[in-house]
Each structure stands twice: as structure tokens, then as C-alpha cells.
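Enquirer: Take this structure, written in C-alpha cells, and hold onto it; I'll ask about it next.
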Amino acid sequence: MAVIPVDVAGRPYEVRVGTGLVASLVDQCSPRLRKRRVPVVTDANVHARWGETVETALHAGGHEAAWRILPAGEASKSWDQLSATVDWLLAEEVERGDHVLALGGGVIGDLTGFAAAILKRGCQFIQLPTTLLAQVDSSVGGKTAINTPAGKNLVGAFHQPALVLADLATLDTLPERELKAGYAEVVKYGLLGDADFFAWCDAHGAELLAGDAGAREYAVAHSVAAKARIVAADERETLGLRALLNLGHTFGHALEAQTGFSDRLLHGEGVALGMVLAARFSAARGLMPKASAEHVARHFADVGMASEISSLGLNCDGPALVAHMLHDKKMDAGVLPFVLMKGIGEAFLAKDVALNEVAAFLDGELQSS
Ligand code: NAD
Ligand code: GLY
């Protein structure tokens, strides 16, 4: 097992990465589970696959699970589910010192974390991330949120978990498409600040996706360590460092919006395409060698992921994609910062990007085959 400290001021915690952590969760969580009943928030898919393992683990440790099982999918990050979850925690008489378990992907982690942030002005929660995306990104760093009709993740709070248990065994039941979507966030750490790790992804990414246990543990632990360093240095995203974690997200978000935040394009698939676009846009601006940008595109194509937005059948032009960016929550006094690259592993925040320049670039990308 790898143990990665997240040294946020005042609330340091550990991320543990290994196999069998859900089955041994009472030992792992000791001494945090103070009462017989343990509140567990999850979704229907995860409950179907991992509910029994959690029940057995809790019973063996003298506990019982109090389940809140939400419908799977992004729609559960809603005011309605938040309010119902908070009411349920109140009915369960959860106190500030109690720990709520969030068992699932980023949807469950974000919603449960936000509920924990506001319950009695803040109770404890433990992340048990079950998707690759959640293990390497959303479970670490304390960003919690729900969506509103105005957009994704627009209402939320910074609220750090007390502990994160990333059980690699849970990835065995994850659909391949979800695994690949999460893999985009792994590659992100290489592209933004660690060329050696991108080279590792080139050499071993396919093994990770095929289920190689060593490759999975290395990639998850390495990604978490990278995120932990960034979060410890810039927890509230005020120093321009944590913002680098948005590499590919501004372009990707526009693609997700254009496809209606639907199954047509998963978040991680949008991030992969977004990173290709960020690399090519950087090359078009003369910041990064064109060959490096094409290397990024080739990497995703080689592992069987989409690397060209022309393949999405979007039926729109560049300005239509840019229109989605106008509502980006990173917009600051009319300027939208873009994470661009000077090379692989050399991301930086650019605040001089004109949106008509982006629109013209996207027009070209939509037309190229
Ligand atoms: P998700 O939680 O919807 O999970 C994806 C799908 O996989 C769901 O259908 C789920 O039921 C299923 N699933 C989860 N674990 C499984 C398992 N082990 N076996 C079988 N099926 C399983 O999606 P996600 O990709 O994990 O997370 C996306 C969310 O994360 C978005 O809402 C995004 O905004 C958020 N996010 C948050 C942060 C952050 O820093 N807080 C960072 C990135 C993304
Ligand atoms: N996923 C972006 C962040 O945690 O800042």
C-alpha cells in the first residue's frame, strides 16, 4: 500500500492506495468510526457491486451500514439530492465528529463532501473513490459541489476529507469506457508538470488500462502525490498553481456543453480532447513544438481514445464552442485564463488569450480530419 500525505494547513490527511481497502475499511478507518451505525452514501451501480463487501466489513468490525443509495449519474449532483441527503444525515443523528463514508465516483464524492461541509456547519467525511477519475483527482483536494441549471459545479465548498481510501480492486468492476475517461486525468499530471511521467504513460498506459495491478498502483499513487503537492501549496486556487489542474478543462468543458453533458462525451473524454486542443493551440501560438502537440494526440489514439474533435459530429462552428466558455467560472473580470503548454510537462496559465483567436483555431480543428 502507498500512503500519500496531503499537507493542507490545519487539516492534513492521508490518501492510501492499495488493494482490499474496502474489505478492510473498519481497520483502515480506525478510530474514526465512533458509533455502531455508519452512514454510507453511494450510487445504485456501486452499491450493486460493492455494497456486500462494505456490509461484511462493517459487520465484522461490530458496525452496521446506514445506506443512502442515489441514482447513478451526474443528475444526482442536484439541489434535490443534496437537501434529501442532508435531511437523511440529520435523521441519522450524525454529529460533527462523526464520519460519513462516500463510496463511489466523483458524483458521490462531490455531493457527499458538500453535504458534509454544510451539515451542522461541517462534519467529517471519508472518501472511498471507486472510479479511476475519483482516485486520481476528485477524491483529493476538498473541492465539493453540485450542479445547477446555470452550470456544472457552480455551488459548492472547499471541505477536505478526513481520509481517502483508494481501493484498486474497485477498478476491476468499472466499465472500460469509464476507466479510459479517468485515464485522461492520469495523463494530465504528466502533461502539466512531469514529462517523465508522460513518458511512463507512453510506455505503460496500455498495461494500466488492461488491468495490470503494478501499473495501476504506480499511476494512482504518482497522480495522487502530484495532486497532493499542488493542493498543499495552493489549496484555494489563489496562486495560479492549482489552476494548472484545469489543463484541457476549458476546451473540454465546451465540448461537454455542446454534447449536452450527456453520455455522448464523458468528462474525462472531454478532458483528453481538451488537452489535445490545448497542446495544438499552444503549438499554433508558437509556444510548443508541433511535434510535441501531435505526440499528445497520438498518445490518446494509441490507447483507443478519441483524439480528434472532428470525429464527434458536433455540427457547430468555433464561435459556438467559444460561447460555452463565456459562462466558465474561471472567468475573471472579462478575461478567461487558459492553461497552455511550453512543452510536454510545462503547463502555465495564459491570461492573454482572445476568444476570437480560440474560435478561429477551433474552426480549423472542426474541419480537419
Ligand atoms: P461517476 O461518479 O458518475 O461514475 C461514473 C460511472 O461509473 C457511474 O455510472 C457510476 O455508477 C459507475 N461506477 C463508479 N464506480 C464503479 C465501480 N467501481 N464499478 C462499476 N461502476 C462504477 O463519474 P466520475 O467520472 O467518477 O466523476 C465525475 C464527477 O466528478 C463529475 O461530476 C465532475 O464534476 C467531478 N469531478 C470533481 C473533481 C473535484 O476536484 N472535486 C475533479 C474532477 C471531477
Ligand atoms: N480537479 C481540479 C482541482 O481539484 O483543482
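Chains: A, B, ... in order of the C-alpha cells. Residues: from 1 per chain. Ligands: from 1, in order shown.
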Within 12 Å of Ala116 (chain A), counting only C-alpha atoms, which residues qualify if same-chain residues fewer than 4 places away don't, as a ChimeraX atom specification?
Expert: /A:39-41,82-83,85-90,94-102,108-112,120-127,142-145,156-162
Enquirer: Keeping N, CA and C atoms, export the residues of the selection given above as a CSV table (one decimal), in the first residue's frame.
Expert:
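And here's selection-v5.csv as it stands now:
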```csv
chain,number,residue,atom,x,y,z
A,39,PRO,N,-23.0,5.9,8.4
A,39,PRO,CA,-23.7,6.4,7.3
A,39,PRO,C,-22.8,6.3,6.0
A,40,VAL,N,-23.4,5.6,5.0
A,40,VAL,CA,-22.6,5.4,3.7
A,40,VAL,C,-23.5,5.9,2.6
A,41,VAL,N,-23.0,6.9,1.8
A,41,VAL,CA,-23.6,7.4,0.6
A,41,VAL,C,-23.0,6.8,-0.6
A,82,LEU,N,-29.0,16.9,-2.7
A,82,LEU,CA,-28.3,17.5,-1.6
A,82,LEU,C,-29.2,17.6,-0.4
A,83,SER,N,-30.3,18.3,-0.6
A,83,SER,CA,-31.2,18.6,0.5
A,83,SER,C,-31.7,17.3,1.1
A,85,THR,N,-30.2,14.4,1.1
A,85,THR,CA,-29.0,13.7,1.8
A,85,THR,C,-28.8,14.4,3.1
A,86,VAL,N,-28.8,15.7,3.2
A,86,VAL,CA,-28.6,16.4,4.4
A,86,VAL,C,-29.7,16.0,5.4
A,87,ASP,N,-31.0,16.0,5.0
A,87,ASP,CA,-32.1,15.6,5.8
A,87,ASP,C,-31.9,14.2,6.4
A,88,TRP,N,-31.4,13.3,5.5
A,88,TRP,CA,-31.1,11.9,5.9
A,88,TRP,C,-30.0,11.9,7.0
A,89,LEU,N,-29.0,12.7,6.8
A,89,LEU,CA,-27.9,12.7,7.8
A,89,LEU,C,-28.4,13.2,9.1
A,90,LEU,N,-29.3,14.2,9.0
A,90,LEU,CA,-29.9,14.7,10.3
A,90,LEU,C,-30.7,13.6,11.0
A,94,VAL,N,-26.3,12.3,12.7
A,94,VAL,CA,-24.8,12.4,12.5
A,94,VAL,C,-24.4,13.7,13.2
A,95,GLU,N,-23.3,13.6,14.0
A,95,GLU,CA,-22.7,14.7,14.7
A,95,GLU,C,-21.5,15.2,14.0
A,96,ARG,N,-21.0,16.4,14.4
A,96,ARG,CA,-19.8,17.0,13.7
A,96,ARG,C,-18.6,16.1,13.7
A,97,GLY,N,-18.5,15.3,14.8
A,97,GLY,CA,-17.3,14.5,15.0
A,97,GLY,C,-17.4,13.1,14.3
A,98,ASP,N,-18.6,12.8,13.7
A,98,ASP,CA,-18.9,11.6,13.0
A,98,ASP,C,-18.3,11.7,11.6
A,99,HIS,N,-18.1,10.5,11.0
A,99,HIS,CA,-17.5,10.4,9.7
A,99,HIS,C,-18.6,9.7,8.7
A,100,VAL,N,-18.9,10.4,7.7
A,100,VAL,CA,-19.8,9.9,6.6
A,100,VAL,C,-18.9,9.3,5.6
A,101,LEU,N,-19.3,8.1,5.1
A,101,LEU,CA,-18.5,7.5,4.0
A,101,LEU,C,-19.1,7.8,2.6
A,102,ALA,N,-18.2,8.2,1.7
A,102,ALA,CA,-18.6,8.5,0.3
A,102,ALA,C,-18.0,7.4,-0.5
A,108,ILE,N,-20.6,11.0,-6.4
A,108,ILE,CA,-20.9,10.7,-5.0
A,108,ILE,C,-19.9,11.5,-4.1
A,109,GLY,N,-18.7,11.5,-4.4
A,109,GLY,CA,-17.7,12.2,-3.6
A,109,GLY,C,-18.0,13.7,-3.5
A,110,ASP,N,-18.4,14.3,-4.7
A,110,ASP,CA,-18.7,15.8,-4.7
A,110,ASP,C,-19.9,16.1,-3.9
A,111,LEU,N,-21.0,15.3,-4.1
A,111,LEU,CA,-22.2,15.5,-3.4
A,111,LEU,C,-22.1,15.3,-1.9
A,112,THR,N,-21.5,14.1,-1.5
A,112,THR,CA,-21.4,13.8,-0.1
A,112,THR,C,-20.5,14.8,0.6
A,120,LYS,N,-24.5,20.8,10.0
A,120,LYS,CA,-24.1,21.3,11.3
A,120,LYS,C,-22.9,22.2,11.2
A,121,ARG,N,-22.7,22.9,10.1
A,121,ARG,CA,-21.6,23.7,9.7
A,121,ARG,C,-20.3,22.9,9.5
A,122,GLY,N,-20.5,21.6,9.3
A,122,GLY,CA,-19.3,20.8,8.9
A,122,GLY,C,-19.1,19.6,9.7
A,123,CYS,N,-19.3,18.4,9.1
A,123,CYS,CA,-19.0,17.2,9.8
A,123,CYS,C,-17.8,16.5,9.0
A,124,GLN,N,-17.3,15.4,9.5
A,124,GLN,CA,-16.2,14.7,8.8
A,124,GLN,C,-16.7,13.8,7.7
A,125,PHE,N,-15.9,13.5,6.7
A,125,PHE,CA,-16.2,12.5,5.7
A,125,PHE,C,-15.0,11.8,5.2
A,126,ILE,N,-15.2,10.6,4.8
A,126,ILE,CA,-14.1,9.8,4.3
A,126,ILE,C,-14.4,9.4,2.8
A,127,GLN,N,-13.5,9.6,1.9
A,127,GLN,CA,-13.7,9.3,0.5
A,127,GLN,C,-13.2,7.8,0.3
A,142,GLY,N,-10.5,18.4,-1.7
A,142,GLY,CA,-11.5,19.1,-1.0
A,142,GLY,C,-12.4,19.9,-1.8
A,143,LYS,N,-12.4,19.8,-3.1
A,143,LYS,CA,-13.5,20.6,-3.9
A,143,LYS,C,-14.7,19.7,-3.8
A,144,THR,N,-15.8,20.3,-3.4
A,144,THR,CA,-17.1,19.6,-3.3
A,144,THR,C,-18.1,20.5,-4.0
A,145,ALA,N,-19.1,20.0,-4.7
A,145,ALA,CA,-20.1,20.8,-5.4
A,145,ALA,C,-21.3,20.0,-5.9
A,156,GLY,N,-20.8,25.1,-4.3
A,156,GLY,CA,-20.0,24.1,-3.5
A,156,GLY,C,-19.2,24.8,-2.5
A,157,ALA,N,-18.3,24.0,-1.9
A,157,ALA,CA,-17.4,24.5,-0.8
A,157,ALA,C,-16.1,23.7,-0.9
A,158,PHE,N,-15.1,24.3,-0.3
A,158,PHE,CA,-13.8,23.6,-0.1
A,158,PHE,C,-14.0,22.9,1.3
A,159,HIS,N,-14.0,21.6,1.3
A,159,HIS,CA,-14.1,20.8,2.5
A,159,HIS,C,-13.3,19.5,2.4
A,160,GLN,N,-12.2,19.5,3.1
A,160,GLN,CA,-11.2,18.4,2.9
A,160,GLN,C,-11.8,17.1,3.6
A,161,PRO,N,-11.6,15.9,3.0
A,161,PRO,CA,-11.9,14.7,3.7
A,161,PRO,C,-11.0,14.4,4.8
A,162,ALA,N,-11.4,13.5,5.7
A,162,ALA,CA,-10.5,13.2,6.9
A,162,ALA,C,-9.5,12.1,6.4
```
Enquirer: Using only C-alpha atoms and all ligand atoms, which residues of chain A come within 9 Å of ligand 2, and what is the closest atom pair for each, with the distance in Å to one decimal? Give it as a tab-separated table, sorted by chain and residue number.
Expert:
```
residue	atom	partner	partner_atom_place_in_ligand_line	distance
A:Asp137	CA	ligand 2	1 (N)	5.6
A:Ser138	CA	ligand 2	1 (N)	5.8
A:Ser139	CA	ligand 2	4 (O)	8.5
A:Val140	CA	ligand 2	4 (O)	7.0
A:Gly141	CA	ligand 2	4 (O)	5.6
A:Gly142	CA	ligand 2	4 (O)	7.3
A:Lys143	CA	ligand 2	4 (O)	6.0
A:Glu185	CA	ligand 2	1 (N)	8.7
A:Lys227	CA	ligand 2	4 (O)	7.7
A:Ile230	CA	ligand 2	5 (O)	8.6
A:Val231	CA	ligand 2	5 (O)	7.5
A:Glu235	CA	ligand 2	5 (O)	8.3
A:Arg236	CA	ligand 2	5 (O)	8.5
A:Glu237	CA	ligand 2	5 (O)	7.1
A:Arg242	CA	ligand 2	5 (O)	5.5
A:Ala243	CA	ligand 2	5 (O)	6.4
A:Leu244	CA	ligand 2	5 (O)	8.0
A:Leu245	CA	ligand 2	2 (C)	5.1
A:Asn246	CA	ligand 2	2 (C)	5.9
```
Enquirer: Using DSSP assignments from the backbone, pull out every residue in region 129-218 of chain A that falls under strand (DSSP E or B) and give it to me as a list in words.
Expert: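 Of region 129-218 of chain A, the ones in strand (DSSP E or B) are Pro129, Lys143, Thr144, Ala145, Ile146, Asn147, Thr148, Gly151, Lys152, Asn153, Leu154, Val155, Gly156, Ala157, Phe158, Leu163, Val164, Leu165, Ala166 and Asp167 of chain A.
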Enquirer: Could those residues be written to a file, using N, CA, C and O atoms, as a PDB file, in the first residue's frame?
Expert:
```
ATOM      1  N   PRO A 129     -13.097   6.313  -3.105  1.00  0.00           N
ATOM      2  CA  PRO A 129     -13.319   6.514  -4.543  1.00  0.00           C
ATOM      3  C   PRO A 129     -13.268   5.201  -5.312  1.00  0.00           C
ATOM      4  O   PRO A 129     -12.353   4.404  -5.130  1.00  0.00           O
ATOM      5  N   LYS A 143     -12.434  19.824  -3.114  1.00  0.00           N
ATOM      6  CA  LYS A 143     -13.454  20.551  -3.870  1.00  0.00           C
ATOM      7  C   LYS A 143     -14.733  19.728  -3.848  1.00  0.00           C
ATOM      8  O   LYS A 143     -14.733  18.555  -4.242  1.00  0.00           O
ATOM      9  N   THR A 144     -15.818  20.337  -3.375  1.00  0.00           N
ATOM     10  CA  THR A 144     -17.106  19.642  -3.348  1.00  0.00           C
ATOM     11  C   THR A 144     -18.125  20.537  -4.045  1.00  0.00           C
ATOM     12  O   THR A 144     -17.966  21.756  -4.031  1.00  0.00           O
ATOM     13  N   ALA A 145     -19.138  19.951  -4.653  1.00  0.00           N
ATOM     14  CA  ALA A 145     -20.075  20.798  -5.407  1.00  0.00           C
ATOM     15  C   ALA A 145     -21.291  20.028  -5.879  1.00  0.00           C
ATOM     16  O   ALA A 145     -21.301  18.790  -5.924  1.00  0.00           O
ATOM     17  N   ILE A 146     -22.303  20.825  -6.245  1.00  0.00           N
ATOM     18  CA  ILE A 146     -23.443  20.295  -7.024  1.00  0.00           C
ATOM     19  C   ILE A 146     -23.578  21.155  -8.289  1.00  0.00           C
ATOM     20  O   ILE A 146     -22.932  22.211  -8.416  1.00  0.00           O
ATOM     21  N   ASN A 147     -24.411  20.687  -9.200  1.00  0.00           N
ATOM     22  CA  ASN A 147     -24.707  21.450 -10.421  1.00  0.00           C
ATOM     23  C   ASN A 147     -26.025  22.200 -10.238  1.00  0.00           C
ATOM     24  O   ASN A 147     -26.857  21.812  -9.421  1.00  0.00           O
ATOM     25  N   THR A 148     -26.202  23.275 -10.997  1.00  0.00           N
ATOM     26  CA  THR A 148     -27.494  23.978 -11.009  1.00  0.00           C
ATOM     27  C   THR A 148     -27.867  24.168 -12.478  1.00  0.00           C
ATOM     28  O   THR A 148     -27.036  23.941 -13.368  1.00  0.00           O
ATOM     29  N   GLY A 151     -25.233  25.814 -14.567  1.00  0.00           N
ATOM     30  CA  GLY A 151     -23.976  25.182 -14.965  1.00  0.00           C
ATOM     31  C   GLY A 151     -23.484  24.161 -13.961  1.00  0.00           C
ATOM     32  O   GLY A 151     -24.055  23.973 -12.881  1.00  0.00           O
ATOM     33  N   LYS A 152     -22.353  23.517 -14.345  1.00  0.00           N
ATOM     34  CA  LYS A 152     -21.778  22.442 -13.526  1.00  0.00           C
ATOM     35  C   LYS A 152     -20.936  23.001 -12.387  1.00  0.00           C
ATOM     36  O   LYS A 152     -20.187  23.969 -12.578  1.00  0.00           O
ATOM     37  N   ASN A 153     -21.039  22.403 -11.233  1.00  0.00           N
ATOM     38  CA  ASN A 153     -20.167  22.704 -10.082  1.00  0.00           C
ATOM     39  C   ASN A 153     -20.199  24.172  -9.672  1.00  0.00           C
ATOM     40  O   ASN A 153     -19.202  24.703  -9.182  1.00  0.00           O
ATOM     41  N   LEU A 154     -21.338  24.828  -9.886  1.00  0.00           N
ATOM     42  CA  LEU A 154     -21.386  26.266  -9.590  1.00  0.00           C
ATOM     43  C   LEU A 154     -21.681  26.554  -8.115  1.00  0.00           C
ATOM     44  O   LEU A 154     -21.479  27.669  -7.654  1.00  0.00           O
ATOM     45  N   VAL A 155     -22.147  25.544  -7.385  1.00  0.00           N
ATOM     46  CA  VAL A 155     -22.432  25.749  -5.958  1.00  0.00           C
ATOM     47  C   VAL A 155     -21.671  24.680  -5.182  1.00  0.00           C
ATOM     48  O   VAL A 155     -21.842  23.487  -5.443  1.00  0.00           O
ATOM     49  N   GLY A 156     -20.821  25.115  -4.258  1.00  0.00           N
ATOM     50  CA  GLY A 156     -20.046  24.126  -3.524  1.00  0.00           C
ATOM     51  C   GLY A 156     -19.194  24.760  -2.455  1.00  0.00           C
ATOM     52  O   GLY A 156     -19.361  25.932  -2.116  1.00  0.00           O
ATOM     53  N   ALA A 157     -18.269  23.969  -1.916  1.00  0.00           N
ATOM     54  CA  ALA A 157     -17.413  24.459  -0.839  1.00  0.00           C
ATOM     55  C   ALA A 157     -16.084  23.709  -0.893  1.00  0.00           C
ATOM     56  O   ALA A 157     -16.015  22.600  -1.435  1.00  0.00           O
ATOM     57  N   PHE A 158     -15.059  24.317  -0.342  1.00  0.00           N
ATOM     58  CA  PHE A 158     -13.827  23.575  -0.092  1.00  0.00           C
ATOM     59  C   PHE A 158     -14.018  22.876   1.254  1.00  0.00           C
ATOM     60  O   PHE A 158     -14.271  23.536   2.268  1.00  0.00           O
ATOM     61  N   LEU A 163      -9.887  11.359   5.361  1.00  0.00           N
ATOM     62  CA  LEU A 163      -9.094  10.216   4.895  1.00  0.00           C
ATOM     63  C   LEU A 163      -9.603   9.840   3.512  1.00  0.00           C
ATOM     64  O   LEU A 163     -10.795  10.002   3.235  1.00  0.00           O
ATOM     65  N   VAL A 164      -8.702   9.347   2.663  1.00  0.00           N
ATOM     66  CA  VAL A 164      -9.118   8.829   1.349  1.00  0.00           C
ATOM     67  C   VAL A 164      -8.574   7.404   1.230  1.00  0.00           C
ATOM     68  O   VAL A 164      -7.358   7.188   1.421  1.00  0.00           O
ATOM     69  N   LEU A 165      -9.452   6.463   0.921  1.00  0.00           N
ATOM     70  CA  LEU A 165      -9.026   5.073   0.727  1.00  0.00           C
ATOM     71  C   LEU A 165      -9.292   4.699  -0.734  1.00  0.00           C
ATOM     72  O   LEU A 165     -10.448   4.466  -1.114  1.00  0.00           O
ATOM     73  N   ALA A 166      -8.250   4.698  -1.537  1.00  0.00           N
ATOM     74  CA  ALA A 166      -8.391   4.375  -2.967  1.00  0.00           C
ATOM     75  C   ALA A 166      -8.099   2.893  -3.157  1.00  0.00           C
ATOM     76  O   ALA A 166      -6.930   2.486  -3.220  1.00  0.00           O
ATOM     77  N   ASP A 167      -9.169   2.099  -3.223  1.00  0.00           N
ATOM     78  CA  ASP A 167      -9.029   0.647  -3.355  1.00  0.00           C
ATOM     79  C   ASP A 167      -8.961   0.277  -4.833  1.00  0.00           C
ATOM     80  O   ASP A 167      -9.963   0.384  -5.559  1.00  0.00           O
TER      81      ASP A 167
END
```
Enquirer: Using only C-alpha atoms and all ligand atoms, find each residue of chain A with at least one atom at most 6 Å away from an atom of ligand 1; report its shortest atom-to-atom pair and that distance in Å (one decimal), sort the rows by chain and rising residue number, and return the result as a tab-separated table.
Expert:
```
residue	atom	partner	partner_atom_place_in_ligand_line	distance
A:Asp43	CA	ligand 1	11 (O)	5.8
A:Asn45	CA	ligand 1	11 (O)	4.4
A:Val46	CA	ligand 1	16 (C)	5.1
A:Ala72	CA	ligand 1	11 (O)	4.5
A:Gly73	CA	ligand 1	3 (O)	4.5
A:Glu74	CA	ligand 1	3 (O)	5.5
A:Gly104	CA	ligand 1	15 (N)	5.1
A:Gly105	CA	ligand 1	2 (O)	3.2
A:Gly106	CA	ligand 1	27 (O)	3.2
A:Val107	CA	ligand 1	2 (O)	3.9
A:Ile108	CA	ligand 1	2 (O)	5.7
A:Asp110	CA	ligand 1	41 (N)	5.5
A:Thr130	CA	ligand 1	15 (N)	4.3
A:Thr131	CA	ligand 1	15 (N)	4.6
A:Leu133	CA	ligand 1	26 (O)	5.2
A:Ala134	CA	ligand 1	26 (O)	4.9
A:Asp137	CA	ligand 1	42 (C)	5.2
A:Ser138	CA	ligand 1	39 (C)	3.5
A:Lys143	CA	ligand 1	41 (N)	4.2
A:Thr144	CA	ligand 1	41 (N)	5.1
A:Thr170	CA	ligand 1	18 (N)	4.3
A:Leu171	CA	ligand 1	18 (N)	5.1
A:Thr173	CA	ligand 1	19 (N)	4.1
A:Leu174	CA	ligand 1	19 (N)	3.7
```
Enquirer: I'd like the interatomic distance between CA of Gly364 (chain A) and CA of Ala350 (chain A), to a tenth of an Å.
Expert: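 Calculated distance between CA of Gly364 (chain A) and CA of Ala350 (chain A) is 21.1 Å.
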Enquirer: Identify which of the residues A:Leu362, A:Leu255, A:Val17, A:Val3 lies closest to Glu217 (chain A), counting only C-alpha atoms when measuring atom-to-atom distances.
Expert: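 The answer is A:Val17, which sits nearest to Glu217 (chain A).
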Enquirer: From the set A:Met288, A:Val54, A:Leu314, A:Ala279, which residue has the shortest atom-to-atom contact distance to Phe338 (chain A), counting only C-alpha atoms?
Expert: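 Smallest distance to Phe338 (chain A) is found for A:Ala279.
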Enquirer: If we count only C-alpha atoms and set the cut-off at 9 Å, which residues sit around Val187 (chain A), ignoring sequence neighbours fewer than 3 positions away in its own chain? Please answer as a tab-separated table (two decimals) with C-alpha atoms, in the first residue's frame.
Expert:
```tsv
chain	number	residue	atom	x	y	z
A	183	TYR	CA	-7.00	7.72	-17.53
A	184	ALA	CA	-7.13	11.17	-19.14
A	190	GLY	CA	2.40	14.21	-16.91
A	191	LEU	CA	1.42	16.89	-19.37
A	192	LEU	CA	1.13	19.66	-16.82
A	197	PHE	CA	5.52	10.61	-16.09
A	198	PHE	CA	4.09	11.26	-19.54
A	201	CYS	CA	2.22	6.70	-19.62
A	205	GLY	CA	-0.66	3.30	-20.07
A	223	SER	CA	-1.00	11.03	-9.67
A	272	ALA	CA	-8.45	14.17	-23.19
```
Enquirer: Give me, as CSV, the closest atom pair and its distance (Å, one decimal) for every residue of region 168-270 of chain A within a cut-off of 12 Å of region 291-307 of chain A, counting only C-alpha atoms, rows sorted by chain and rising number.
Expert:
```
residue,atom,partner,partner_atom,distance
A:Glu176,CA,A:Gly304,CA,10.7
A:Arg177,CA,A:Met305,CA,9.1
A:Glu178,CA,A:Met305,CA,11.3
A:Leu179,CA,A:Met305,CA,11.0
A:Lys180,CA,A:Met305,CA,7.3
A:Ala181,CA,A:Met305,CA,8.5
A:Gly182,CA,A:Met305,CA,11.4
A:Tyr183,CA,A:Phe300,CA,9.6
A:Ala184,CA,A:Phe300,CA,8.2
A:Glu185,CA,A:Phe300,CA,11.8
A:Val186,CA,A:Phe300,CA,11.8
A:Val187,CA,A:Phe300,CA,9.2
A:Lys188,CA,A:Val296,CA,10.3
A:Gly190,CA,A:Val296,CA,10.6
A:Leu191,CA,A:Val296,CA,8.4
A:Leu192,CA,A:Val296,CA,11.8
A:Ala195,CA,A:Ser292,CA,11.0
A:Phe198,CA,A:Val296,CA,9.2
A:Ala199,CA,A:His299,CA,10.0
A:Trp200,CA,A:His299,CA,11.4
A:Cys201,CA,A:His299,CA,8.5
A:Asp202,CA,A:His299,CA,6.6
A:Ala203,CA,A:His299,CA,10.0
A:His204,CA,A:Val303,CA,10.3
A:Gly205,CA,A:Val303,CA,7.4
A:Ala206,CA,A:Val303,CA,6.0
A:Glu207,CA,A:Val303,CA,9.8
A:Leu208,CA,A:Val303,CA,10.3
A:Leu209,CA,A:Val303,CA,8.2
A:Ala210,CA,A:Val303,CA,10.1
A:Gly248,CA,A:Val296,CA,11.7
A:Gly252,CA,A:Ser307,CA,11.8
A:Arg264,CA,A:Ala306,CA,11.8
A:Leu265,CA,A:Ala306,CA,10.0
A:Leu266,CA,A:Ala306,CA,11.3
A:Gly268,CA,A:Met305,CA,10.3
A:Glu269,CA,A:Ala306,CA,7.4
A:Gly270,CA,A:Ala306,CA,9.1
```
Enquirer: Of the candidates A:Ser311, A:Gln135, A:Ser76, A:Ser30, which one gets nearest to Val15 (chain A) if we count only C-alpha atoms?
Expert: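 So, comparing all the options, the nearest one is A:Gln135.
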